[in-house]
>>> print(open('target.tsv').read())   # TSV, C-alpha atoms
chain	number	residue	atom	x	y	z
A	1	MET	CA	203.78	189.16	266.72
A	2	VAL	CA	204.81	185.52	266.77
A	3	ASN	CA	203.92	183.14	269.55
A	4	HIS	CA	206.96	181.14	270.69
A	5	SER	CA	205.33	180.03	273.96
A	6	SER	CA	204.45	176.48	274.93
A	7	PRO	CA	201.92	174.74	272.63
A	8	ALA	CA	198.34	175.85	273.11
A	9	GLY	CA	195.10	174.93	271.41
A	10	PHE	CA	193.70	176.20	268.13
A	11	LEU	CA	190.37	177.61	267.01
A	12	LEU	CA	188.92	175.89	263.95
A	13	LEU	CA	186.80	178.55	262.26
A	14	GLY	CA	185.15	176.38	259.59
A	15	PHE	CA	182.10	178.31	258.36
A	16	SER	CA	181.54	180.18	261.63
A	17	GLU	CA	181.17	183.41	259.64
A	18	HIS	CA	178.01	181.84	258.13
A	19	PRO	CA	176.17	180.38	261.17
A	20	GLU	CA	173.03	179.77	259.10
A	21	LEU	CA	174.99	177.16	257.12
A	22	GLU	CA	176.28	175.26	260.13
A	23	ARG	CA	173.05	173.38	260.99
A	24	ILE	CA	172.58	172.43	257.33
A	25	LEU	CA	176.18	171.25	257.14
A	26	PHE	CA	175.69	169.33	260.39
A	27	ALA	CA	172.85	167.33	258.80
A	28	VAL	CA	174.83	166.75	255.59
A	29	VAL	CA	178.02	165.70	257.42
A	30	PHE	CA	176.13	163.47	259.87
A	31	THR	CA	174.26	161.70	257.05
A	32	SER	CA	177.48	161.28	255.05
A	33	TYR	CA	179.25	159.84	258.08
A	34	LEU	CA	176.51	157.26	258.63
A	35	LEU	CA	176.72	156.28	254.95
A	36	THR	CA	180.50	156.02	255.24
A	37	LEU	CA	180.29	153.75	258.29
A	38	ALA	CA	177.58	151.52	256.81
A	39	GLY	CA	178.89	151.32	253.25
A	40	ASN	CA	182.56	150.73	253.98
A	41	THR	CA	181.85	148.26	256.79
A	42	LEU	CA	179.56	146.37	254.41
A	43	ILE	CA	182.27	146.14	251.74
A	44	ILE	CA	184.83	144.85	254.27
A	45	LEU	CA	182.37	142.22	255.59
A	46	LEU	CA	181.27	141.07	252.13
A	47	SER	CA	184.87	140.78	250.95
A	48	ALA	CA	185.80	138.74	254.03
A	49	LEU	CA	182.74	136.48	254.21
A	50	ASP	CA	182.19	135.44	250.59
A	51	PRO	CA	184.88	133.33	248.85
A	52	ARG	CA	183.82	134.71	245.45
A	53	LEU	CA	185.15	138.10	246.53
A	54	HIS	CA	188.54	136.75	247.63
A	55	SER	CA	190.28	138.38	244.68
A	56	PRO	CA	192.93	141.13	244.30
A	57	MET	CA	190.33	143.74	243.35
A	58	TYR	CA	188.32	143.23	246.55
A	59	PHE	CA	191.44	142.91	248.67
A	60	PHE	CA	192.48	146.40	247.59
A	61	LEU	CA	188.89	147.63	247.90
A	62	SER	CA	188.76	146.36	251.50
A	63	ASN	CA	191.97	148.28	252.23
A	64	LEU	CA	190.39	151.39	250.71
A	65	SER	CA	187.23	150.95	252.79
A	66	PHE	CA	189.20	150.47	256.02
A	67	LEU	CA	191.23	153.56	255.16
A	68	ASP	CA	188.06	155.63	254.58
A	69	LEU	CA	186.62	154.48	257.91
A	70	CYS	CA	189.74	155.61	259.76
A	71	PHE	CA	189.99	158.83	257.76
A	72	THR	CA	186.47	160.06	258.50
A	73	THR	CA	186.48	158.89	262.12
A	74	SER	CA	189.62	160.95	262.74
A	75	CYS	CA	187.82	164.22	261.95
A	76	VAL	CA	184.03	163.94	261.52
A	77	PRO	CA	182.99	163.49	265.21
A	78	GLN	CA	184.92	166.62	266.17
A	79	MET	CA	183.55	168.41	263.09
A	80	LEU	CA	179.98	167.60	264.15
A	81	VAL	CA	180.59	168.99	267.64
A	82	HIS	CA	181.96	172.22	266.15
A	83	LEU	CA	179.07	172.58	263.69
A	84	TRP	CA	176.44	172.04	266.40
A	85	GLY	CA	177.75	174.24	269.21
A	86	PRO	CA	179.72	177.42	269.84
A	87	HIS	CA	182.92	175.69	271.00
A	88	LYS	CA	185.30	175.18	268.09
A	89	THR	CA	188.63	174.62	269.82
A	90	ILE	CA	191.06	171.75	269.38
A	91	SER	CA	194.07	171.04	271.59
A	92	PHE	CA	197.60	171.14	270.22
A	93	LEU	CA	197.89	167.37	270.74
A	94	GLY	CA	194.54	166.77	269.06
A	95	CYS	CA	195.61	168.89	266.09
A	96	ALA	CA	198.95	167.05	265.88
A	97	VAL	CA	197.24	163.64	265.90
A	98	GLN	CA	194.70	164.76	263.30
A	99	LEU	CA	197.42	166.16	261.05
A	100	PHE	CA	199.48	162.95	261.35
A	101	ILE	CA	196.46	160.75	260.51
A	102	PHE	CA	195.41	162.97	257.59
A	103	LEU	CA	198.85	162.82	256.01
A	104	LEU	CA	199.19	159.08	256.64
A	105	LEU	CA	195.80	158.08	255.25
A	106	GLY	CA	195.64	160.68	252.47
A	107	THR	CA	199.00	159.61	251.06
A	108	THR	CA	198.16	155.92	251.46
A	109	GLU	CA	194.91	156.40	249.54
A	110	CYS	CA	196.66	158.10	246.62
A	111	VAL	CA	199.21	155.27	246.37
A	112	LEU	CA	196.53	152.61	246.85
A	113	LEU	CA	194.42	154.01	244.00
A	114	THR	CA	197.51	153.82	241.80
A	115	VAL	CA	197.96	150.17	242.78
A	116	MET	CA	194.30	149.53	241.95
A	117	ALA	CA	194.84	151.12	238.52
A	118	PHE	CA	197.72	148.67	237.93
A	119	ASP	CA	195.39	145.83	238.96
A	120	ARG	CA	192.76	146.99	236.43
A	121	TYR	CA	195.46	147.37	233.73
A	122	VAL	CA	196.58	143.76	234.17
A	123	ALA	CA	192.97	142.52	234.31
A	124	VAL	CA	192.09	144.17	230.97
A	125	CYS	CA	195.39	144.09	229.07
A	126	GLN	CA	196.83	140.78	230.34
A	127	PRO	CA	193.73	138.74	231.27
A	128	LEU	CA	195.31	135.34	230.59
A	129	HIS	CA	198.25	136.10	232.90
A	130	TYR	CA	196.28	138.01	235.54
A	131	ALA	CA	196.32	135.25	238.17
A	132	THR	CA	200.05	134.70	237.86
A	133	ILE	CA	200.97	138.42	237.84
A	134	VAL	CA	198.64	139.76	240.52
A	135	HIS	CA	199.01	136.91	243.01
A	136	PRO	CA	198.10	137.19	246.74
A	137	ARG	CA	201.68	137.76	247.87
A	138	LEU	CA	202.13	140.67	245.45
A	139	CYS	CA	198.80	142.14	246.62
A	140	ARG	CA	199.95	142.12	250.23
A	141	GLN	CA	203.30	143.64	249.26
A	142	LEU	CA	201.70	146.44	247.23
A	143	ALA	CA	199.23	147.24	250.02
A	144	ALA	CA	202.11	147.30	252.52
A	145	VAL	CA	204.07	149.67	250.27
A	146	ALA	CA	201.09	152.03	250.15
A	147	TRP	CA	200.74	152.10	253.94
A	148	VAL	CA	204.50	152.47	254.51
A	149	MET	CA	204.72	155.38	252.05
A	150	GLY	CA	201.85	157.07	253.87
A	151	LEU	CA	203.60	156.55	257.22
A	152	VAL	CA	206.91	157.93	255.91
A	153	GLN	CA	205.20	161.00	254.42
A	154	SER	CA	203.43	161.69	257.72
A	155	ILE	CA	206.60	161.27	259.79
A	156	VAL	CA	208.54	163.57	257.45
A	157	GLN	CA	205.98	166.38	257.13
A	158	THR	CA	204.18	166.53	260.49
A	159	PRO	CA	207.06	167.73	262.77
A	160	PRO	CA	208.18	170.69	260.59
A	161	THR	CA	204.57	171.84	260.27
A	162	LEU	CA	203.95	171.71	264.02
A	163	ARG	CA	207.21	173.55	264.75
A	164	LEU	CA	206.06	176.62	262.82
A	165	PRO	CA	205.78	179.87	264.85
A	166	PHE	CA	202.01	180.35	264.90
A	167	CYS	CA	200.35	183.74	265.21
A	168	PRO	CA	198.87	184.61	268.65
A	169	HIS	CA	195.22	184.41	267.51
A	170	ARG	CA	195.76	180.70	266.60
A	171	GLN	CA	192.68	180.71	264.37
A	172	ILE	CA	192.74	178.03	261.66
A	173	ASP	CA	190.47	178.96	258.77
A	174	ASP	CA	189.42	175.38	258.13
A	175	PHE	CA	187.41	172.45	259.52
A	176	VAL	CA	190.44	170.33	260.34
A	177	CYS	CA	194.17	170.63	260.94
A	178	GLN	CA	195.78	170.35	257.51
A	179	VAL	CA	199.21	171.41	256.29
A	180	PRO	CA	198.06	174.32	254.04
A	181	SER	CA	195.90	175.79	256.83
A	182	LEU	CA	198.67	175.56	259.43
A	183	ILE	CA	201.17	177.15	257.04
A	184	ARG	CA	198.76	180.07	256.53
A	185	LEU	CA	198.50	180.43	260.33
A	186	SER	CA	202.25	180.91	260.72
A	187	CYS	CA	203.66	184.41	261.25
A	188	GLY	CA	207.22	183.32	260.49
A	189	ASP	CA	209.15	182.19	257.46
A	190	THR	CA	207.34	179.29	255.76
A	191	THR	CA	209.58	178.95	252.69
A	192	PHE	CA	210.84	175.49	253.66
A	193	ASN	CA	207.33	174.28	254.54
A	194	GLY	CA	205.95	175.63	251.26
A	195	ILE	CA	208.64	173.84	249.26
A	196	GLN	CA	208.06	170.65	251.26
A	197	LEU	CA	204.30	170.85	250.60
A	198	ALA	CA	204.84	171.45	246.89
A	199	VAL	CA	207.27	168.56	246.54
A	200	SER	CA	205.06	166.14	248.48
A	201	SER	CA	202.01	167.24	246.45
A	202	VAL	CA	203.85	166.49	243.22
A	203	VAL	CA	205.19	163.14	244.47
A	204	PHE	CA	201.97	161.87	246.06
A	205	LEU	CA	199.30	163.62	243.97
A	206	VAL	CA	200.62	164.47	240.51
A	207	VAL	CA	202.87	161.43	239.96
A	208	PRO	CA	200.25	158.85	241.07
A	209	LEU	CA	197.63	160.61	238.94
A	210	ALA	CA	200.00	160.51	235.95
A	211	LEU	CA	200.58	156.77	236.47
A	212	ILE	CA	196.82	156.18	236.71
A	213	LEU	CA	196.24	158.11	233.47
A	214	ILE	CA	199.01	156.12	231.74
A	215	SER	CA	197.37	152.88	232.92
A	216	TYR	CA	193.99	153.97	231.60
A	217	GLY	CA	195.57	155.10	228.34
A	218	ALA	CA	196.87	151.55	227.85
A	219	ILE	CA	193.46	150.16	228.87
A	220	ALA	CA	191.71	152.44	226.35
A	221	ARG	CA	194.01	151.25	223.54
A	222	ALA	CA	193.33	147.63	224.47
A	223	VAL	CA	189.56	148.19	224.63
A	224	LEU	CA	189.50	149.93	221.23
A	225	ARG	CA	190.94	146.76	219.66
A	226	ILE	CA	188.04	144.71	221.05
A	227	SER	CA	185.20	144.07	218.59
A	228	SER	CA	182.88	142.25	221.00
A	229	ALA	CA	180.18	144.42	222.62
A	230	THR	CA	180.10	142.06	225.62
A	231	ALA	CA	183.83	142.46	226.15
A	232	TRP	CA	183.42	146.24	225.84
A	233	ARG	CA	180.79	146.27	228.59
A	234	LYS	CA	182.90	144.01	230.80
A	235	ALA	CA	185.97	146.22	230.43
A	236	LEU	CA	183.89	149.34	231.11
A	237	GLY	CA	182.36	147.74	234.19
A	238	THR	CA	185.80	146.68	235.40
A	239	CYS	CA	187.24	150.19	235.29
A	240	SER	CA	184.40	152.71	235.58
A	241	SER	CA	183.98	152.50	239.36
A	242	HIS	CA	187.69	152.96	240.03
A	243	LEU	CA	187.89	155.83	237.54
A	244	ALA	CA	184.94	157.59	239.22
A	245	VAL	CA	186.60	157.29	242.65
A	246	VAL	CA	189.91	158.58	241.23
A	247	THR	CA	188.13	161.59	239.72
A	248	LEU	CA	186.42	162.46	243.02
A	249	LEU	CA	189.53	162.07	245.16
A	250	TYR	CA	192.07	163.80	242.94
A	251	SER	CA	189.86	166.73	241.93
A	252	SER	CA	189.22	167.59	245.60
A	253	GLY	CA	192.77	166.75	246.74
A	254	ILE	CA	194.42	168.91	244.08
A	255	ALA	CA	192.02	171.77	244.88
A	256	VAL	CA	193.12	171.62	248.55
A	257	TYR	CA	196.88	171.04	248.24
A	258	LEU	CA	197.74	172.77	244.94
A	259	GLN	CA	195.53	175.86	245.21
A	260	PRO	CA	196.95	179.33	244.45
A	261	LYS	CA	197.36	181.87	247.24
A	262	SER	CA	194.21	184.00	247.01
A	263	PRO	CA	191.14	184.57	249.25
A	264	TYR	CA	188.83	183.06	246.63
A	265	ALA	CA	191.00	179.95	246.24
A	266	GLN	CA	191.13	179.63	250.02
A	267	ARG	CA	187.32	179.72	250.35
A	268	ARG	CA	186.94	177.28	247.46
A	269	GLY	CA	189.58	175.03	249.02
A	270	LYS	CA	187.57	174.93	252.24
A	271	PHE	CA	184.56	173.46	250.40
A	272	PHE	CA	186.75	171.00	248.53
A	273	GLY	CA	188.45	170.08	251.81
A	274	LEU	CA	185.07	169.31	253.33
A	275	PHE	CA	184.15	167.14	250.36
A	276	TYR	CA	187.58	165.45	250.46
A	277	ALA	CA	187.15	164.54	254.15
A	278	VAL	CA	183.43	163.73	254.20
A	279	GLY	CA	181.94	163.32	250.72
A	280	THR	CA	184.44	161.06	248.99
A	281	PRO	CA	184.54	158.33	251.71
A	282	SER	CA	180.73	158.14	251.72
A	283	LEU	CA	180.45	157.97	247.91
A	284	ASN	CA	183.17	155.34	247.38
A	285	PRO	CA	181.11	152.35	248.63
A	286	LEU	CA	178.03	153.57	246.76
A	287	ILE	CA	180.00	153.78	243.51
A	288	TYR	CA	181.51	150.31	243.94
A	289	THR	CA	178.32	148.55	245.07
A	290	LEU	CA	175.72	150.18	242.82
A	291	ARG	CA	177.76	149.47	239.67
A	292	ASN	CA	178.98	146.02	240.70
A	293	LYS	CA	176.71	143.07	239.95
A	294	GLU	CA	179.00	140.65	241.80
A	295	VAL	CA	178.73	142.62	245.05
A	296	LYS	CA	174.95	142.91	244.65
A	297	ARG	CA	174.65	139.14	244.13
A	298	VAL	CA	176.71	138.42	247.24
A	299	LEU	CA	174.64	140.90	249.26
A	300	GLY	CA	171.46	139.28	247.98
A	301	ARG	CA	172.65	135.82	249.08
A	302	LEU	CA	173.58	137.09	252.55
A	303	LEU	CA	170.13	138.65	252.85
A	304	GLY	CA	168.53	135.32	251.99
A	305	GLN	CA	167.61	136.22	248.43
A	306	ASP	CA	168.58	134.45	245.26
A	307	GLY	CA	170.85	137.01	243.56
A	308	ASP	CA	171.27	134.90	240.44
A	309	ALA	CA	167.53	134.64	240.00
A	310	ARG	CA	167.17	138.36	240.38
A	311	GLU	CA	169.82	138.95	237.73
A	312	SER	CA	167.80	136.91	235.27
>>> encode(input="target.tsv", output="structure tokens")
Amino acid sequence: MVNHSSPAGFLLLGFSEHPELERILFAVVFTSYLLTLAGNTLIILLSALDPRLHSPMYFFLSNLSFLDLCFTTSCVPQMLVHLWGPHKTISFLGCAVQLFIFLLLGTTECVLLTVMAFDRYVAVCQPLHYATIVHPRLCRQLAAVAWVMGLVQSIVQTPPTLRLPFCPHRQIDDFVCQVPSLIRLSCGDTTFNGIQLAVSSVVFLVVPLALILISYGAIARAVLRISSATAWRKALGTCSSHLAVVTLLYSSGIAVYLQPKSPYAQRRGKFFGLFYAVGTPSLNPLIYTLRNKEVKRVLGRLLGQDGDARES
């Protein structure tokens, strides 16, 4: 049977078949959310307050931190409520808003990480021309392109997904309203939606990842020509944090949006989806701050400590 009636709510199953896991996951998700709020807010404040961090790298990093704050806040509070209590419903409007935000911010993040790879490529391969190539106006334009592409992707894909004829049980086997989960919930023909999902996954996951790998291939060739150990360490420090974030995001994103149709892949995708929504945004600021001496020096000065003295 297919439900063609007026929009009703959905039931987000999550890991309700394993209730013993839910309290553990509640603690993990709650801790990760606090780390996300604190870490990303700190990066935004440091980048805004200290003139030494008024550079293209930290401009893009601030955009990434703001994006992660919005991304987690759109789903984690509701996720915590569902993990703690027996009520796991979400209204049709709430699901629509969550789906729109997920597509908008997820796509924007993929494009933004590609822009950041271009920034690192210019910094390593064209250091003498970096200031003239990656100037403030170009930074604002590239960031705007990332956000506009995310908005266009969300506007294009959200309505067809929500117009699907959903089965009467309306049980979504996931933590949040995502395109793959809603397609699986449909009892009608999903050929168009499947093709749309595949095309968008290639355009906004595979193509950006390919461009990032091409950028790092050029960076690797440039680094291999460097004989100075100091320059090696500087180049590694410049790129390693971004590369770690790219690995975390794309491995989980591809597992969610390009998974094969099988029960095992679906269960695995649920864990990767949880990590994609909760784990990655909390780890991003840790990766960028723990490996970044400049950020640690700025933080030390704001805390009233002499960061330069500590470095020596």
>>> closest_residue(input="target.tsv", among="A:Val148, A:Val245, A:Leu61, A:Leu224", to="Leu105 of chain A", atoms="all atoms listed in the file")
A:Val148
>>> residues_around(input="target.tsv", residues="segment 270-277 of chain A", least_positions_apart="3", cutoff="7 Å", atoms="all atoms listed in the file", output="list in words")
Thr72, Asp174, Leu249, Ser252, Gly253, Ala255, Val256, Gln266, Arg267 and Thr280 of chain A
>>> residues_around(input="target.tsv", residues="segment 48-56 of chain A", least_positions_apart="3", cutoff="10 Å", atoms="all atoms listed in the file", output="VMD selection string")
chain A and resid 42 to 45 59 to 62 116 119 to 120 130 to 131 134 to 136 138 to 140 294 to 295 298 to 299 301 to 302
>>> closest_atom_pairs(input="target.tsv", of="segment 188-286 of chain A", to="segment 13-34 of chain A", cutoff="7 Å", atoms="all atoms listed in the file", output="tab-separated table")
residue	atom	partner	partner_atom	distance
A:Val278	CA	A:Ser32	CA	6.5
A:Gly279	CA	A:Ser32	CA	6.5
A:Ser282	CA	A:Ser32	CA	5.6
>>> atom_distance(input="target.tsv", atom1="atom CA of Trp147 of chain A", atom2="atom CA of Leu80 of chain A")
27.8 Å
>>> atom_distance(input="target.tsv", atom1="atom CA of Ala146 of chain A", atom2="atom CA of Ile101 of chain A")
14.3 Å
>>> closest_residue(input="target.tsv", among="A:Ser186, A:Gln98, A:Ser215, A:Thr289", to="Gln78 of chain A", atoms="all atoms listed in the file")
A:Gln98
>>> closest_residue(input="target.tsv", among="A:Gly39, A:Gly85, A:Pro180, A:Pro165", to="Leu103 of chain A", atoms="all atoms listed in the file")
A:Pro180
>>> closest_residue(input="target.tsv", among="A:Gly194, A:Pro127, A:Gly106, A:Gly188", to="Arg163 of chain A", atoms="only C-alpha atoms")
A:Gly188
>>> residues_around(input="target.tsv", residues="segment 199-203 of chain A", least_positions_apart="5", cutoff="12 Å", atoms="all atoms listed in the file", output="ChimeraX atom specification")
/A:103,106-107,110-111,149-150,152-154,156-157,179-180,192-194,208-211,250,253-259
>>> atom_distance(input="target.tsv", atom1="atom CA of Phe102 of chain A", atom2="atom CA of Met57 of chain A")
24.5 Å
>>> closest_residue(input="target.tsv", among="A:Ile195, A:Ala117, A:Leu164, A:Ala143", to="Gly217 of chain A", atoms="all atoms listed in the file")
A:Ala117
>>> closest_residue(input="target.tsv", among="A:Leu104, A:Arg225, A:Ile133, A:Phe175", to="Leu151 of chain A", atoms="all atoms listed in the file")
A:Leu104
>>> residues_around(input="target.tsv", residues="segment 123-126 of chain A", least_positions_apart="2", cutoff="8 Å", atoms="only C-alpha atoms", output="number ranges by chain")
A: 119-121, 128-130, 218-219, 222-223, 235
>>> write_last_selection(input="target.tsv", atoms="C-alpha atoms", output="PDB file, keeping the file's coordinate frame")
ATOM      1  CA  ASP A 119     195.390 145.830 238.960  1.00  0.00           C
ATOM      2  CA  ARG A 120     192.760 146.990 236.430  1.00  0.00           C
ATOM      3  CA  TYR A 121     195.460 147.370 233.730  1.00  0.00           C
ATOM      4  CA  LEU A 128     195.310 135.340 230.590  1.00  0.00           C
ATOM      5  CA  HIS A 129     198.250 136.100 232.900  1.00  0.00           C
ATOM      6  CA  TYR A 130     196.280 138.010 235.540  1.00  0.00           C
ATOM      7  CA  ALA A 218     196.870 151.550 227.850  1.00  0.00           C
ATOM      8  CA  ILE A 219     193.460 150.160 228.870  1.00  0.00           C
ATOM      9  CA  ALA A 222     193.330 147.630 224.470  1.00  0.00           C
ATOM     10  CA  VAL A 223     189.560 148.190 224.630  1.00  0.00           C
ATOM     11  CA  ALA A 235     185.970 146.220 230.430  1.00  0.00           C
TER      12      ALA A 235
END
